[in-house]
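In what follows, a structure is listed as structure tokens, so that the remarks can point back to it.
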Amino acid sequence: MDDEQGDAGQRGALAEALAGWVGARIDAAHANRATGLVALAVYAGGRRVLGAGIGPRVAGAGVLPRVPRLRAGAEHPLVAAMRAHLVGRSVLAIEVRRDGIAVVAGEPLPGKKGGEDEIEAEAAHGHAPGPRPELAPGARLELAPGRRGEARLLDAAGGLILRWPPQGSDPPAEIAYPADPFAAGAALVEASDAAAAGQEKAALARAVRARRAALERRAEAVRGDLGRLGSVARLQKTGQLLLAQGGRVPRGAAKAVLDDWETGGTIEVALDPARPAKAQAEAFFAKARRYQRGEAVMRARLAETERALAAVAALEADVAAVEARPEALEPLAQRARSLGVSRAELAGVGAAGGGEAGAAASAAGARGARAGRAAPRLPFHAFRSASGAAILVGRGAADNDALTTKHARPHDLWLHAKGVSGSHVVVPLPKGASCPADVLVDAATLAAHFSDARGEVVCEVSYVQRRHVRKPRGAAPGAVTYDREKVIAVRVEAERLSRLLATKEEG
């Protein structure tokens, strides 16, 4: 009997703390997926926050001193459902029961006056506010705190809108409520933020380690490419020998055996039987020139990669040493993003307040959709380099024309896979600026991928300023001519390509 009276008294303490909330406006709804803290904020002469821990990390109920700093955005199903069915309504009733807490939102009766806006307007003009609006029962949020608790959102008729976790749980038949709901609430939100911050720190450390490993692989690949520059002398010598001795190679030959004047031996060269041997010497000279032009880009890329590796190593040490607090993690997450760690890998890290920002963005999109405004179709998809620079890729032949002739500016960089059909690629640049080496490699990678050379390990990509690209009168869609061409031989790295494709923004 004493236990029952004690339980009733503890329920009564929470019920008494929540009693003044009836009639208050529900301002916000939050949840933390990792810890299980659900928070409902109302305005009752000031902001008040009801918190319930439904597991797995936090359990219990109380009045929170603030909303949780680490919380899910509007993409979380429970957050989205609560915002759609509870936020903006008034609290019609709050019940603190043995098996959980129920919050009933009120919907104004149709045709009734005296709504919230009218009451606030009357108060603002110095008039005594009129009676509160008559409300009809609306959605109902039921919270069963516990390590295996749950949240259920029901409509006015009692139909289930959402259950979280969706696979169900095993909430206790009777909830142990705190004797002091305010102290319990403070402990609850601190425990949720601490547990979530620990997980966010671990996620940040993993993302930074992955970035370091990717940079190390890139540096090794570039060093390997630089090591192959020794073939330039061999290509030049082959071209010279073919130019000098090609006249004695029979027409239609698939190979030629040339005298090597330096060594006194011979060199065997594969030929195109459809072309005179002497005329093929230029192909060897051209390949050597392309390798030489690519050397500067490769060396610049290696230098950039080594600088990034040093910065990432310093960041990795800072992450290991930092205290797991949202305000300490956020600057490190920003540094990680600036060093090329993708936003997908950093989703949620240090995102204090991110939920409200996400909800605002979602609401803005919804308002645009309701207004019937459709975004115009652009002739390109936009991608982002590791540094955040935009790279525009044409959608198709006619779209290539529109991208190149209508959207690209004369000083922008234009790219196309050499000698094959493919998308036009544009890197927007400030006037007078040159394209950074790493952005050039990213853009060339996309040009190779969105072409008939897709799947090849190495692809030659032409690049020029847009001012040197022309559309001949009567030419087929996508067909252009250009001069002052430069060529980069790009190695298509699977990891780089995956990172670029993950940044795709629909046009």
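Convention: chains lettered A, B, ... in structure tokens order; per-chain residue numbering from 1; ligands numbered from 1 as shown.
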#### Entry: helix (DSSP H, G or I) residues, from DSSP on the backbone, in segment 122-353 of chain A, as a ChimeraX atom specification
/A:122-124,181-248,278-321,326-338
Residues of the last selection are to be written out with C-alpha atoms, as a tab-separated table (two decimals), in the first residue's frame.
```
chain	number	residue	atom	x	y	z
A	122	GLU	CA	-5.99	41.78	-28.87
A	123	ALA	CA	-3.26	41.64	-26.23
A	124	ALA	CA	-0.87	43.56	-28.48
A	181	PRO	CA	10.86	15.88	-12.27
A	182	PHE	CA	13.10	18.93	-12.76
A	183	ALA	CA	16.26	17.30	-11.41
A	184	ALA	CA	15.44	14.16	-13.36
A	185	GLY	CA	14.92	16.18	-16.54
A	186	ALA	CA	18.26	17.94	-16.15
A	187	ALA	CA	20.04	14.61	-15.68
A	188	LEU	CA	18.17	13.12	-18.65
A	189	VAL	CA	19.16	15.79	-21.19
A	190	GLU	CA	22.78	15.86	-19.97
A	191	ALA	CA	23.03	12.07	-20.24
A	192	SER	CA	21.55	12.12	-23.76
A	193	ASP	CA	23.93	14.82	-24.98
A	194	ALA	CA	26.93	13.10	-23.41
A	195	ALA	CA	26.10	9.70	-24.95
A	196	ALA	CA	25.33	11.22	-28.34
A	197	ALA	CA	28.49	13.33	-28.30
A	198	GLY	CA	30.58	10.24	-27.61
A	199	GLN	CA	29.07	8.54	-30.65
A	200	GLU	CA	29.57	11.66	-32.77
A	201	LYS	CA	33.23	11.86	-31.75
A	202	ALA	CA	33.73	8.23	-32.77
A	203	ALA	CA	32.01	8.87	-36.11
A	204	LEU	CA	34.17	11.94	-36.73
A	205	ALA	CA	37.33	9.96	-35.92
A	206	ARG	CA	36.30	7.22	-38.37
A	207	ALA	CA	35.57	9.72	-41.12
A	208	VAL	CA	38.91	11.48	-40.65
A	209	ARG	CA	40.80	8.17	-40.66
A	210	ALA	CA	39.06	7.19	-43.89
A	211	ARG	CA	40.02	10.52	-45.45
A	212	ARG	CA	43.65	10.05	-44.45
A	213	ALA	CA	43.69	6.56	-45.95
A	214	ALA	CA	42.17	7.89	-49.19
A	215	LEU	CA	44.79	10.63	-49.44
A	216	GLU	CA	47.58	8.12	-48.83
A	217	ARG	CA	46.26	5.93	-51.65
A	218	ARG	CA	46.02	8.94	-53.96
A	219	ALA	CA	49.58	10.05	-53.20
A	220	GLU	CA	50.83	6.53	-53.92
A	221	ALA	CA	48.95	6.42	-57.24
A	222	VAL	CA	50.32	9.82	-58.33
A	223	ARG	CA	53.85	8.75	-57.42
A	224	GLY	CA	53.32	5.68	-59.59
A	225	ASP	CA	52.16	7.87	-62.49
A	226	LEU	CA	55.19	10.11	-62.08
A	227	GLY	CA	57.40	7.04	-62.15
A	228	ARG	CA	56.09	6.24	-65.61
A	229	LEU	CA	57.31	9.55	-67.01
A	230	GLY	CA	60.51	7.71	-67.91
A	231	SER	CA	58.67	6.43	-70.97
A	232	VAL	CA	58.76	9.95	-72.49
A	233	ALA	CA	62.33	9.47	-73.78
A	234	ARG	CA	61.42	6.05	-75.21
A	235	LEU	CA	58.37	7.47	-77.02
A	236	GLN	CA	60.40	10.33	-78.49
A	237	LYS	CA	63.14	7.98	-79.66
A	238	THR	CA	60.58	5.62	-81.25
A	239	GLY	CA	59.02	8.57	-83.10
A	240	GLN	CA	62.42	9.71	-84.37
A	241	LEU	CA	63.41	6.21	-85.55
A	242	LEU	CA	60.05	5.71	-87.25
A	243	LEU	CA	60.30	9.09	-88.94
A	244	ALA	CA	63.79	8.25	-90.24
A	245	GLN	CA	63.25	4.59	-91.18
A	246	GLY	CA	59.53	4.44	-91.89
A	247	GLY	CA	60.05	4.77	-95.64
A	248	ARG	CA	61.41	1.21	-95.84
A	278	LYS	CA	56.17	7.25	-91.39
A	279	ALA	CA	52.93	9.14	-90.78
A	280	GLN	CA	52.49	7.29	-87.45
A	281	ALA	CA	55.62	8.82	-85.96
A	282	GLU	CA	53.62	11.89	-84.88
A	283	ALA	CA	51.44	9.73	-82.62
A	284	PHE	CA	54.51	8.82	-80.54
A	285	PHE	CA	55.62	12.45	-80.36
A	286	ALA	CA	52.09	13.54	-79.35
A	287	LYS	CA	51.89	10.92	-76.59
A	288	ALA	CA	55.24	12.06	-75.23
A	289	ARG	CA	54.05	15.70	-75.24
A	290	ARG	CA	50.86	14.74	-73.37
A	291	TYR	CA	52.90	12.96	-70.70
A	292	GLN	CA	55.15	16.00	-70.36
A	293	ARG	CA	52.16	18.36	-70.06
A	294	GLY	CA	50.62	16.04	-67.47
A	295	GLU	CA	53.77	16.05	-65.36
A	296	ALA	CA	53.15	19.57	-64.07
A	297	VAL	CA	49.58	18.71	-63.11
A	298	MET	CA	50.66	15.48	-61.43
A	299	ARG	CA	53.40	17.19	-59.43
A	300	ALA	CA	51.00	19.94	-58.35
A	301	ARG	CA	48.45	17.31	-57.41
A	302	LEU	CA	51.01	15.38	-55.38
A	303	ALA	CA	52.03	18.56	-53.54
A	304	GLU	CA	48.39	19.37	-52.77
A	305	THR	CA	47.79	15.81	-51.58
A	306	GLU	CA	50.80	15.89	-49.28
A	307	ARG	CA	49.65	19.21	-47.81
A	308	ALA	CA	46.18	17.78	-47.25
A	309	LEU	CA	47.69	14.70	-45.61
A	310	ALA	CA	49.57	16.88	-43.14
A	311	ALA	CA	46.40	18.84	-42.33
A	312	VAL	CA	44.34	15.65	-41.91
A	313	ALA	CA	46.98	14.12	-39.64
A	314	ALA	CA	46.85	17.22	-37.43
A	315	LEU	CA	43.05	17.07	-37.39
A	316	GLU	CA	43.15	13.37	-36.48
A	317	ALA	CA	45.30	14.18	-33.45
A	318	ASP	CA	42.94	17.00	-32.40
A	319	VAL	CA	39.90	14.72	-32.68
A	320	ALA	CA	41.58	12.10	-30.50
A	321	ALA	CA	42.34	14.71	-27.83
A	326	PRO	CA	28.85	19.25	-29.19
A	327	GLU	CA	30.39	22.73	-29.07
A	328	ALA	CA	33.90	21.23	-29.23
A	329	LEU	CA	33.09	18.76	-32.03
A	330	GLU	CA	31.44	21.22	-34.42
A	331	PRO	CA	34.61	23.24	-35.27
A	332	LEU	CA	36.46	19.97	-35.92
A	333	ALA	CA	33.64	18.77	-38.18
A	334	GLN	CA	33.91	22.03	-40.13
A	335	ARG	CA	37.65	21.49	-40.52
A	336	ALA	CA	36.99	17.94	-41.73
A	337	ARG	CA	34.53	19.20	-44.35
A	338	SER	CA	37.07	21.76	-45.56
```
### Surrounding residues of Val58 of chain A excluding itself and chain neighbours under 3 positions, 7 Å, only C-alpha atoms, as JSON, numbers by chain
{"A": [35, 36, 37, 53, 54, 55, 147, 188, 191, 192]}
### Task
State, in Å with one decimal place, the distance from atom CA of Phe380 of chain A to atom CA of Asp399 of chain A.
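We find that atom CA of Phe380 of chain A and atom CA of Asp399 of chain A lie 6.8 Å from each other.
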### Query
Which value, in Å to one decimal, gives the distance between atom CA of Lys504 of chain A and atom CA of Thr481 of chain A?
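Separation of atom CA of Lys504 of chain A and atom CA of Thr481 of chain A: 27.8 Å.
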### Query
Looking at A:Thr404, A:Ser498, A:Thr266, A:Asn32, which one is nearest to Val427 of chain A, with distances taken over only C-alpha atoms?
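Counting only C-alpha atoms, the residue closest to Val427 of chain A is A:Thr404.
Interatomic distance, atom CA of Gly146 of chain A to atom CA of Gly60 of chain A: 5.8 Å.
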### Message
Taking only C-alpha atoms into account, name the residue in A:Leu18, A:Arg11, A:Tyr463, A:Leu154 that is nearest to Glu174 of chain A.
### Response
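Between A:Leu18, A:Arg11, A:Tyr463, A:Leu154, the residue approaching Glu174 of chain A most closely is A:Arg11.
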### Query
Can you tell me, as a list in words, what residues are no more than 7 Å from Gly23 of chain A when counting only C-alpha atoms, ignoring any on the same chain fewer than 4 positions away?
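Residues near the query, excluding close chain neighbours: Ser90, Val91 and Leu92 of chain A.
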#### Entry: Counting only C-alpha atoms, the residue of A:Arg97, A:Arg152, A:Arg467, A:Arg496 that sits nearest Asp438 of chain A
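Among the listed residues, the smallest separation from Asp438 of chain A belongs to A:Arg496.
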### Message
I want to know what sits within 10 Å of segment 157-167 of chain A, based on only C-alpha atoms, with residues of the same chain fewer than 6 positions away left out; could you give that as a VMD selection string?
### Response
chain A and resid 33 36 54 to 55 77 to 78 81 to 82 85 137 to 143 148 to 151
### Query
What residues in segment 117-354 of chain A get the DSSP label strand (DSSP E)? Please answer as a PyMOL selection string.
chain A and resi 135-144+150-154+160-164+255-259+266-270
Output of the above residues as a compact mmCIF listing (two decimals), in the first residue's frame, restricted to N, CA, C and O atoms:
```txt
# COMPACT_ATOMS: atom_id res chain seq x y z
N LEU A 135 -11.54 23.83 -28.55
CA LEU A 135 -10.69 22.87 -29.22
C LEU A 135 -11.36 21.50 -29.26
O LEU A 135 -12.07 21.11 -28.34
N ALA A 136 -11.06 20.81 -30.33
CA ALA A 136 -11.47 19.41 -30.45
C ALA A 136 -10.23 18.55 -30.32
O ALA A 136 -9.13 18.96 -30.72
N PRO A 137 -10.36 17.36 -29.75
CA PRO A 137 -9.18 16.49 -29.63
C PRO A 137 -8.56 16.21 -30.99
O PRO A 137 -9.25 15.92 -31.97
N GLY A 138 -7.22 16.33 -31.05
CA GLY A 138 -6.50 16.03 -32.28
C GLY A 138 -5.57 14.84 -32.07
O GLY A 138 -5.94 13.85 -31.44
N ALA A 139 -4.36 14.96 -32.57
CA ALA A 139 -3.41 13.85 -32.44
C ALA A 139 -3.00 13.67 -30.98
O ALA A 139 -3.03 14.60 -30.18
N ARG A 140 -2.57 12.45 -30.68
CA ARG A 140 -2.23 12.08 -29.30
C ARG A 140 -0.85 11.41 -29.31
O ARG A 140 -0.63 10.44 -30.03
N LEU A 141 0.07 11.94 -28.52
CA LEU A 141 1.40 11.36 -28.38
C LEU A 141 1.47 10.59 -27.07
O LEU A 141 1.23 11.15 -26.00
N GLU A 142 1.77 9.30 -27.16
CA GLU A 142 1.90 8.45 -25.98
C GLU A 142 3.36 8.04 -25.82
O GLU A 142 3.96 7.49 -26.74
N LEU A 143 3.93 8.33 -24.67
CA LEU A 143 5.34 8.05 -24.39
C LEU A 143 5.43 7.05 -23.26
O LEU A 143 4.86 7.27 -22.18
N ALA A 144 6.13 5.94 -23.48
CA ALA A 144 6.36 4.93 -22.45
C ALA A 144 7.85 4.91 -22.15
O ALA A 144 8.63 4.25 -22.86
N GLU A 150 8.84 3.11 -25.79
CA GLU A 150 8.38 3.42 -27.14
C GLU A 150 7.61 4.72 -27.14
O GLU A 150 7.18 5.23 -26.09
N ALA A 151 7.43 5.28 -28.33
CA ALA A 151 6.57 6.45 -28.55
C ALA A 151 5.56 6.06 -29.61
O ALA A 151 5.91 5.44 -30.62
N ARG A 152 4.31 6.46 -29.37
CA ARG A 152 3.26 6.17 -30.36
C ARG A 152 2.50 7.46 -30.61
O ARG A 152 2.13 8.18 -29.69
N LEU A 153 2.25 7.73 -31.89
CA LEU A 153 1.47 8.90 -32.29
C LEU A 153 0.17 8.40 -32.91
O LEU A 153 0.20 7.61 -33.87
N LEU A 154 -0.96 8.84 -32.34
CA LEU A 154 -2.28 8.40 -32.79
C LEU A 154 -3.06 9.58 -33.33
O LEU A 154 -2.88 10.72 -32.89
N LEU A 160 -3.34 4.45 -35.45
CA LEU A 160 -1.90 4.60 -35.29
C LEU A 160 -1.31 5.35 -36.48
O LEU A 160 -1.45 4.93 -37.63
N ILE A 161 -0.63 6.46 -36.20
CA ILE A 161 0.10 7.20 -37.24
C ILE A 161 1.53 6.69 -37.33
O ILE A 161 2.04 6.41 -38.41
N LEU A 162 2.18 6.52 -36.18
CA LEU A 162 3.57 6.08 -36.17
C LEU A 162 3.90 5.48 -34.81
O LEU A 162 3.44 5.94 -33.77
N ARG A 163 4.70 4.42 -34.87
CA ARG A 163 5.23 3.81 -33.65
C ARG A 163 6.75 3.83 -33.75
O ARG A 163 7.31 3.48 -34.78
N TRP A 164 7.40 4.27 -32.66
CA TRP A 164 8.86 4.30 -32.67
C TRP A 164 9.40 3.69 -31.38
O TRP A 164 8.96 4.06 -30.31
N LYS A 255 53.62 -4.26 -87.92
CA LYS A 255 54.72 -3.96 -87.02
C LYS A 255 55.95 -3.58 -87.84
O LYS A 255 56.04 -3.88 -89.05
N ALA A 256 56.89 -2.94 -87.17
CA ALA A 256 58.14 -2.56 -87.83
C ALA A 256 59.30 -2.86 -86.89
O ALA A 256 59.18 -2.67 -85.67
N VAL A 257 60.39 -3.37 -87.45
CA VAL A 257 61.62 -3.60 -86.68
C VAL A 257 62.61 -2.53 -87.09
O VAL A 257 63.05 -2.47 -88.25
N LEU A 258 62.92 -1.63 -86.15
CA LEU A 258 63.75 -0.46 -86.43
C LEU A 258 65.13 -0.62 -85.80
O LEU A 258 65.27 -1.21 -84.71
N ASP A 259 66.13 -0.10 -86.48
CA ASP A 259 67.49 -0.12 -85.95
C ASP A 259 67.65 0.94 -84.87
O ASP A 259 67.31 2.11 -85.06
N THR A 266 67.84 -3.55 -82.06
CA THR A 266 66.63 -3.22 -82.81
C THR A 266 65.48 -2.96 -81.84
O THR A 266 65.51 -3.39 -80.68
N ILE A 267 64.45 -2.26 -82.32
CA ILE A 267 63.23 -1.98 -81.56
C ILE A 267 62.04 -2.42 -82.41
O ILE A 267 61.96 -2.06 -83.59
N GLU A 268 61.14 -3.18 -81.83
CA GLU A 268 59.95 -3.61 -82.55
C GLU A 268 58.79 -2.68 -82.16
O GLU A 268 58.53 -2.45 -80.97
N VAL A 269 58.08 -2.17 -83.16
CA VAL A 269 57.01 -1.19 -82.93
C VAL A 269 55.72 -1.70 -83.58
O VAL A 269 55.74 -2.10 -84.75
N ALA A 270 54.61 -1.69 -82.82
CA ALA A 270 53.31 -2.05 -83.38
C ALA A 270 52.78 -0.88 -84.20
O ALA A 270 52.89 0.29 -83.80
```
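Neighbours of Arg48 of chain A closer than or equal to 12 Å, with only C-alpha atoms counted and sequence neighbours fewer than 3 positions away skipped, come out as Ala17, Leu18, Ala19, Gly20, Trp21, Val22, Ala24, Arg25, Ile26, Asp27, Ala28, Ala29, Ala39, Leu40, Ala41, Val42, Tyr43, Ala44, Gly45, Gly51, Gly62, Val63, Leu64, Pro65, Arg66, Val67, Phe182 and Gly185 of chain A.
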